[in-house]
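For reference, the structure discussed in these notes is given below.
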Amino acid sequence: MNNIYTGIDLGTDSIKIVVCEKVKSKFYVLASVSSPSMGIKNGFIIDTKLAISSVKNALRQINEMLGIKITKAIACIPSLNCQMNIVVGSTSIIDYNDITGVDVSNVLLDAIKGQDFTNEELVTAMPISFTIDDNNCVNDPKGMKGSILEARVVISTTAKEPLYRILEVLKLSGIETVDIAYNSVGDYFSIRNKKYDELVGAIINIGEESTNISIFNKGIQIKNKLLPIGSNNVDKDISYAFKTKPKESRKMKEEFAVCMASYADTNDLYEIKTKNGEKKEINQVNLSKVVEARMREILKLAKNEIKNLTKREIRYIIITGGLSEMAGFQYLVEQELGFVAKVCNLSTIGIRHNKYSSCFGIAKYFDSKLKLRGKQYNMINSDDINTLLSVDSTITSNENMLSRVFGHFFDN
């Protein structure tokens with residue numbers, strides 16, 4: 001069976017869509033798009049019409065690349081105000097000699113059944129460990145023997161109204177939302193490995209308007225904080241210092257500046273036009289000093305927030321987001337956060353840019369859920385799969401999200 005997934009990330013600056021296929025244990029990108037967005041701020045919908053127009057434009061581009069119409073996706077949602085709790089579930093195993101994905105689904109369903117979701121909506125339910133009779137700390141119980149299966153599960157919830165607005169925008173854009181997860185979960189799964197699954201670490205995503213800091217313990221998100229500072233602040237600093245328009249400031253940042261002034265070239269000049277129409281030349285050192293000051297501030301704030309979120313020893317820090325692609329960023333990261341910190345490096349062909357980390361990783365997260373429950377799911381129908389191979393390449397806003405999100409996994 002073809003395992004083809006689509007991840008979509010509604011960002012302040014751009015709509016990112018990644019369509020990928022899992023072949024054996026590897027993920028291959030079939031198409032990716034980063035398209036300008038409007039009506040969205042920090043992942044929240046502030047203008048429905050503009051947001052729908054932005055999503056439709058991104059979908060139009062991805063559909064043209066693939067030659068088929070994408071109608072299903074996993075959606076990234078912001079983790080602002082998310083709440084996390086540990087719950088316990090228990091179920092009788094159907095067949096003593098063979099625990100299956102159905103048993104796993106049943107124990108996870110039991111863990112969330114008694115929870116009150118009156119004011120908030122369930123987003124994720126990630127098992128910490130399973131217990132089979134007296135056998136504790138089992139990561140994946142499928143194929144084992146036993147009578148009673150128990151599970152400790154981290155559940156996370158978010159406010160209903162902003163979540164429903166995101167889902168409504170996707171629905172009106174022609175997308176059925178198959179599953180949802182936080183951007184931070186996608187970021188983790190984009191860099192996940194066996195080593196990180198055994199450690200406590202942090203993921204920092206520097207976005208357009210904000211910076212998200214998440215703490216993960218053995219691959220499970222346990223804490224989160226959103227700081228109201230991001231890439232846009234760097235643009236504003238450049239505009240203030242050199243009297244340039246926002247569009248020009250962003251272009252200077254992306255095409256000319258480096259993260260550390262000590263690595264800049266005094267003789268390298270960039271001609272700009274100020275807000276008054278005056279032409280000036282700026283050397284790379286002066287521009288980079290402005291950029292470096294703000295980026296150091298962002299990293300220092302993130303470092304302090306990590307200390308506030310957990311007293312545990314942080315064994316790794318991964319920094320992602322579009323701003324992390326700037327030249328020399330790794331050197332700045334090591335100075336501010338130490339050698340435990342690394343810049344995300346997406347090496348998959350088709351998405352070699354950190355702005356895709358959330359929507360690519362969310363596809364891997366979805367696949368992990370399927371694998372644990374012993375299920376398979378394909379977001380493209382058989383006719384469209386044949387089309388792809390030949391060229392080589394419905395919810396309502398007041399619907400109960402609990403049944404929608406987990407319906408694919410808990411049904412028999």
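Chain labels A, B, ... are given in the sequence in which chains occur in the structure tokens; within each chain residues are numbered consecutively from 1, and ligands are likewise numbered from 1 in the order shown.
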Surrounding residues of segment 80-94 of chain A excluding itself and chain neighbours under 2 positions, 8 Å, only C-alpha atoms, as number ranges by chain | A: 78, 96, 99, 103, 106-112, 146-159, 222-226
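For Val33 of chain A, the list of residues within 8 Å, based on only C-alpha atoms and with local chain neighbours fewer than 4 positions off taken out, reads Ile15, Lys16, Ile17, Val18, Ala58, Gln61 and Ile62 of chain A.
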Shortest interatomic distance to Gly186 of chain A - which of A:Cys137, A:Ile362, A:Cys76, A:Ile349, counting only C-alpha atoms =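 Looking at the shortest contact to Gly186 of chain A, the residue is A:Ile362.
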For Lys369 of chain A, work out the shell of residues within 12 Å, counting only C-alpha atoms and skipping chain neighbours fewer than 4 positions away, then give it as an NGL selection string.
-> :A and (101 or 104-105 or 108 or 124-127 or 140 or 179-181 or 189 or 362-365 or 373-377 or 405-406 or 408-410)
Per-residue nearest contacts segment 199-287 of chain A to segment 296-314 of chain A, cut-off 12 Å, using only C-alpha atoms, as a tab-separated table:
```
residue	atom	partner	partner_atom	distance
A:Leu199	CA	A:Ile314	CA	8.0
A:Val200	CA	A:Ile314	CA	5.5
A:Gly201	CA	A:Ile314	CA	4.9
A:Ala202	CA	A:Ile314	CA	7.0
A:Ile203	CA	A:Ile306	CA	9.5
A:Ile204	CA	A:Ala302	CA	7.4
A:Asn205	CA	A:Ala302	CA	9.8
A:Ile206	CA	A:Ile298	CA	8.4
A:Gly207	CA	A:Ile298	CA	11.0
A:Glu209	CA	A:Ile298	CA	11.7
A:Ser210	CA	A:Ile298	CA	9.7
A:Thr211	CA	A:Ala302	CA	7.9
A:Asn212	CA	A:Ala302	CA	8.3
A:Ile213	CA	A:Ala302	CA	6.7
A:Ser214	CA	A:Ile306	CA	8.1
A:Ile215	CA	A:Leu309	CA	7.5
A:Phe216	CA	A:Ile314	CA	9.4
A:Asn217	CA	A:Ile314	CA	9.5
A:Lys218	CA	A:Ile314	CA	11.6
A:Gln221	CA	A:Leu309	CA	11.8
A:Ile222	CA	A:Leu309	CA	9.3
A:Lys223	CA	A:Leu309	CA	6.5
A:Asn224	CA	A:Leu309	CA	7.5
A:Lys225	CA	A:Glu305	CA	7.5
A:Leu226	CA	A:Glu305	CA	9.4
A:Leu227	CA	A:Ala302	CA	7.9
A:Pro228	CA	A:Ile298	CA	9.9
A:Ile229	CA	A:Ile298	CA	7.0
A:Gly230	CA	A:Ile298	CA	7.3
A:Ser231	CA	A:Ile298	CA	9.3
A:Asn232	CA	A:Ile298	CA	11.7
A:Asn233	CA	A:Ile298	CA	9.6
A:Val234	CA	A:Ile298	CA	9.9
A:Cys259	CA	A:Arg296	CA	9.1
A:Met260	CA	A:Arg296	CA	9.5
A:Ala261	CA	A:Arg296	CA	11.9
```
Since we have the selection now, will you write its residues out, keeping N, CA and C atoms, as a tab-separated table (two decimals), in the first residue's frame?
```tsv
chain	number	residue	atom	x	y	z
A	199	LEU	N	16.20	11.12	25.57
A	199	LEU	CA	16.75	12.28	26.29
A	199	LEU	C	15.70	13.36	26.53
A	200	VAL	N	16.08	14.33	27.37
A	200	VAL	CA	15.29	15.54	27.56
A	200	VAL	C	15.95	16.65	26.74
A	201	GLY	N	15.16	17.32	25.93
A	201	GLY	CA	15.72	18.36	25.08
A	201	GLY	C	14.72	19.45	24.78
A	202	ALA	N	15.16	20.43	23.99
A	202	ALA	CA	14.31	21.57	23.66
A	202	ALA	C	14.35	21.83	22.16
A	203	ILE	N	13.22	22.32	21.64
A	203	ILE	CA	13.14	22.74	20.24
A	203	ILE	C	12.73	24.21	20.23
A	204	ILE	N	13.49	25.02	19.52
A	204	ILE	CA	13.20	26.45	19.39
A	204	ILE	C	12.86	26.72	17.93
A	205	ASN	N	11.67	27.24	17.69
A	205	ASN	CA	11.26	27.59	16.33
A	205	ASN	C	11.06	29.11	16.28
A	206	ILE	N	11.95	29.78	15.53
A	206	ILE	CA	11.86	31.24	15.39
A	206	ILE	C	10.97	31.55	14.20
A	207	GLY	N	9.76	31.99	14.49
A	207	GLY	CA	8.79	32.28	13.44
A	207	GLY	C	8.80	33.75	13.05
A	209	GLU	N	6.43	36.19	13.71
A	209	GLU	CA	6.00	37.10	14.76
A	209	GLU	C	6.35	36.62	16.16
A	210	SER	N	6.72	35.37	16.31
A	210	SER	CA	6.95	34.80	17.64
A	210	SER	C	7.99	33.68	17.59
A	211	THR	N	8.46	33.32	18.76
A	211	THR	CA	9.41	32.22	18.91
A	211	THR	C	8.82	31.20	19.87
A	212	ASN	N	8.73	29.96	19.41
A	212	ASN	CA	8.13	28.90	20.23
A	212	ASN	C	9.21	28.02	20.83
A	213	ILE	N	9.12	27.80	22.16
A	213	ILE	CA	10.07	26.94	22.86
A	213	ILE	C	9.31	25.75	23.42
A	214	SER	N	9.74	24.56	23.09
A	214	SER	CA	9.08	23.33	23.55
A	214	SER	C	10.09	22.41	24.22
A	215	ILE	N	9.67	21.79	25.30
A	215	ILE	CA	10.50	20.82	26.01
A	215	ILE	C	9.96	19.42	25.71
A	216	PHE	N	10.86	18.53	25.32
A	216	PHE	CA	10.49	17.14	25.02
A	216	PHE	C	11.24	16.20	25.96
A	217	ASN	N	10.51	15.25	26.50
A	217	ASN	CA	11.10	14.21	27.36
A	217	ASN	C	10.85	12.86	26.71
A	218	LYS	N	11.91	12.24	26.23
A	218	LYS	CA	11.82	10.95	25.55
A	218	LYS	C	10.84	10.99	24.39
A	221	GLN	N	6.26	15.82	24.08
A	221	GLN	CA	6.24	17.22	24.49
A	221	GLN	C	5.59	17.36	25.86
A	222	ILE	N	6.31	18.02	26.78
A	222	ILE	CA	5.79	18.16	28.15
A	222	ILE	C	5.58	19.61	28.56
A	223	LYS	N	6.26	20.55	27.91
A	223	LYS	CA	6.10	21.97	28.25
A	223	LYS	C	6.20	22.80	26.98
A	224	ASN	N	5.62	24.00	27.03
A	224	ASN	CA	5.67	24.87	25.85
A	224	ASN	C	5.52	26.33	26.27
A	225	LYS	N	6.19	27.21	25.52
A	225	LYS	CA	6.08	28.65	25.77
A	225	LYS	C	6.26	29.41	24.46
A	226	LEU	N	5.43	30.42	24.26
A	226	LEU	CA	5.51	31.24	23.06
A	226	LEU	C	5.97	32.64	23.45
A	227	LEU	N	7.07	33.10	22.84
A	227	LEU	CA	7.61	34.44	23.09
A	227	LEU	C	7.19	35.37	21.96
A	228	PRO	N	6.73	36.59	22.28
A	228	PRO	CA	6.25	37.51	21.23
A	228	PRO	C	7.38	38.26	20.54
A	229	ILE	N	8.31	37.53	19.98
A	229	ILE	CA	9.42	38.13	19.26
A	229	ILE	C	9.88	37.14	18.18
A	230	GLY	N	10.19	37.66	17.00
A	230	GLY	CA	10.56	36.76	15.92
A	230	GLY	C	11.29	37.45	14.80
A	231	SER	N	11.24	36.85	13.62
A	231	SER	CA	11.98	37.33	12.47
A	231	SER	C	11.58	38.74	12.07
A	232	ASN	N	10.31	39.07	12.26
A	232	ASN	CA	9.81	40.39	11.89
A	232	ASN	C	10.48	41.50	12.68
A	233	ASN	N	10.91	41.19	13.91
A	233	ASN	CA	11.61	42.19	14.72
A	233	ASN	C	12.95	42.57	14.13
A	234	VAL	N	13.60	41.60	13.50
A	234	VAL	CA	14.86	41.88	12.81
A	234	VAL	C	14.62	42.84	11.66
A	259	CYS	N	24.81	36.53	10.36
A	259	CYS	CA	24.37	36.57	11.75
A	259	CYS	C	25.39	37.19	12.70
A	260	MET	N	26.67	37.13	12.34
A	260	MET	CA	27.71	37.66	13.22
A	260	MET	C	28.55	38.67	12.43
A	261	ALA	N	28.62	39.89	12.96
A	261	ALA	CA	29.33	40.95	12.26
A	261	ALA	C	30.81	40.64	12.07
```
Would you return as a ChimeraX atom specification the members of segment 96-301 of chain A that DSSP assigns to helix (DSSP H, G or I) on this structure's backbone?
-> /A:101-113,160-172,183-191,196-198,231-242,246-255,261-263,284-301
Serialized selection, C-alpha atoms, as a short mmCIF file (atom, residue, chain, number, x, y, z; two decimals), in the first residue's frame:
```cif
data_model
loop_
_atom_site.label_atom_id
_atom_site.label_comp_id
_atom_site.auth_asym_id
_atom_site.auth_seq_id
_atom_site.Cartn_x
_atom_site.Cartn_y
_atom_site.Cartn_z
CA GLY A 101 -3.26 -2.38 17.23
CA VAL A 102 -6.91 -2.68 18.22
CA ASP A 103 -5.85 -3.30 21.84
CA VAL A 104 -3.56 -0.26 21.67
CA SER A 105 -6.39 1.90 20.32
CA ASN A 106 -8.71 0.62 23.05
CA VAL A 107 -6.35 1.47 25.90
CA LEU A 108 -5.69 4.96 24.53
CA LEU A 109 -9.41 5.52 24.12
CA ASP A 110 -9.97 4.41 27.71
CA ALA A 111 -7.33 6.89 28.90
CA ILE A 112 -9.16 9.87 27.37
CA LYS A 113 -12.76 8.74 27.88
CA LYS A 160 -11.81 25.34 20.85
CA GLU A 161 -12.68 28.57 19.03
CA PRO A 162 -9.29 29.34 17.38
CA LEU A 163 -8.85 25.66 16.48
CA TYR A 164 -12.28 25.50 14.85
CA ARG A 165 -11.48 28.61 12.80
CA ILE A 166 -8.39 26.92 11.38
CA LEU A 167 -10.37 23.80 10.53
CA GLU A 168 -13.14 25.87 8.96
CA VAL A 169 -10.66 27.73 6.76
CA LEU A 170 -9.20 24.43 5.58
CA LYS A 171 -12.65 22.99 4.95
CA LEU A 172 -13.74 26.03 2.91
CA ASN A 183 3.85 22.77 15.05
CA SER A 184 6.34 21.86 17.76
CA VAL A 185 5.46 18.16 17.46
CA GLY A 186 6.12 18.40 13.74
CA ASP A 187 9.46 20.10 14.43
CA TYR A 188 10.48 17.27 16.74
CA PHE A 189 9.50 14.50 14.36
CA SER A 190 11.40 16.18 11.52
CA ILE A 191 14.67 15.63 13.46
CA TYR A 196 16.63 12.03 21.15
CA ASP A 197 13.85 9.57 22.06
CA GLU A 198 15.82 8.73 25.22
CA SER A 231 11.98 37.33 12.47
CA ASN A 232 9.81 40.39 11.89
CA ASN A 233 11.61 42.19 14.72
CA VAL A 234 14.86 41.88 12.81
CA ASP A 235 13.22 43.51 9.79
CA LYS A 236 11.91 46.35 11.96
CA ASP A 237 15.38 46.96 13.41
CA ILE A 238 16.85 47.20 9.91
CA SER A 239 14.09 49.60 8.83
CA TYR A 240 14.71 51.79 11.87
CA ALA A 241 18.49 51.83 11.51
CA PHE A 242 18.68 52.43 7.77
CA PRO A 246 9.81 46.69 5.33
CA LYS A 247 10.08 44.86 2.00
CA GLU A 248 13.57 46.24 1.39
CA SER A 249 14.63 45.44 4.96
CA ARG A 250 13.59 41.84 4.60
CA LYS A 251 15.43 41.52 1.32
CA MET A 252 18.60 42.89 2.93
CA LYS A 253 18.31 40.43 5.79
CA GLU A 254 17.79 37.42 3.55
CA GLU A 255 20.25 38.26 0.77
CA ALA A 261 29.33 40.95 12.26
CA SER A 262 32.79 39.46 12.86
CA TYR A 263 32.22 37.25 9.82
CA GLN A 284 27.80 44.24 5.35
CA VAL A 285 29.38 44.79 8.77
CA ASN A 286 27.02 47.61 9.80
CA LEU A 287 23.97 45.68 8.63
CA SER A 288 25.08 42.50 10.36
CA LYS A 289 25.62 44.32 13.66
CA VAL A 290 21.95 45.27 13.69
CA VAL A 291 20.87 41.73 12.82
CA GLU A 292 23.24 40.11 15.33
CA ALA A 293 22.01 42.24 18.24
CA ARG A 294 18.39 41.20 17.78
CA MET A 295 19.19 37.54 17.12
CA ARG A 296 21.30 37.34 20.26
CA GLU A 297 18.35 38.75 22.20
CA ILE A 298 16.00 36.11 20.80
CA LEU A 299 18.39 33.30 21.72
CA LYS A 300 19.00 34.69 25.23
CA LEU A 301 15.26 34.96 25.86
#
```
Spatial neighbours of Lys72 of chain A, max dist 6 Å, only C-alpha atoms, sep filter under 3 positions, as a PyMOL selection string = chain A and resi 175-177+379
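Nearest-residue note for Glu208 of chain A: choosing from A:Ala31, A:Asn57, A:Lys355, A:Phe366, the minimum distance belongs to A:Lys355, counting only C-alpha atoms.
The shell of residues at most 8 Å from Cys20 of chain A, with only C-alpha atoms counted and near chain neighbours (fewer than 6 positions) removed, consists of A:Ile4, A:Tyr5, A:Thr6, A:Phe27, A:Tyr28, A:Val29, A:Leu30, A:Ala31, A:Phe360, A:Ala363.
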Residue set, segment 20-79 of chain A restricted to strand (DSSP E), as a list of chain:residue names |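 The residues of segment 20-79 of chain A classed as strand (DSSP E) are A:Cys20, A:Glu21, A:Lys22, A:Val23, A:Lys26, A:Phe27, A:Tyr28, A:Val29, A:Leu30, A:Ala31, A:Ser32, A:Val33, A:Ser34, A:Ser35, A:Pro36, A:Ile40, A:Lys41, A:Phe44, A:Ile45, A:Lys72, A:Ala73, A:Ile74, A:Ala75, A:Cys76, A:Ile77.
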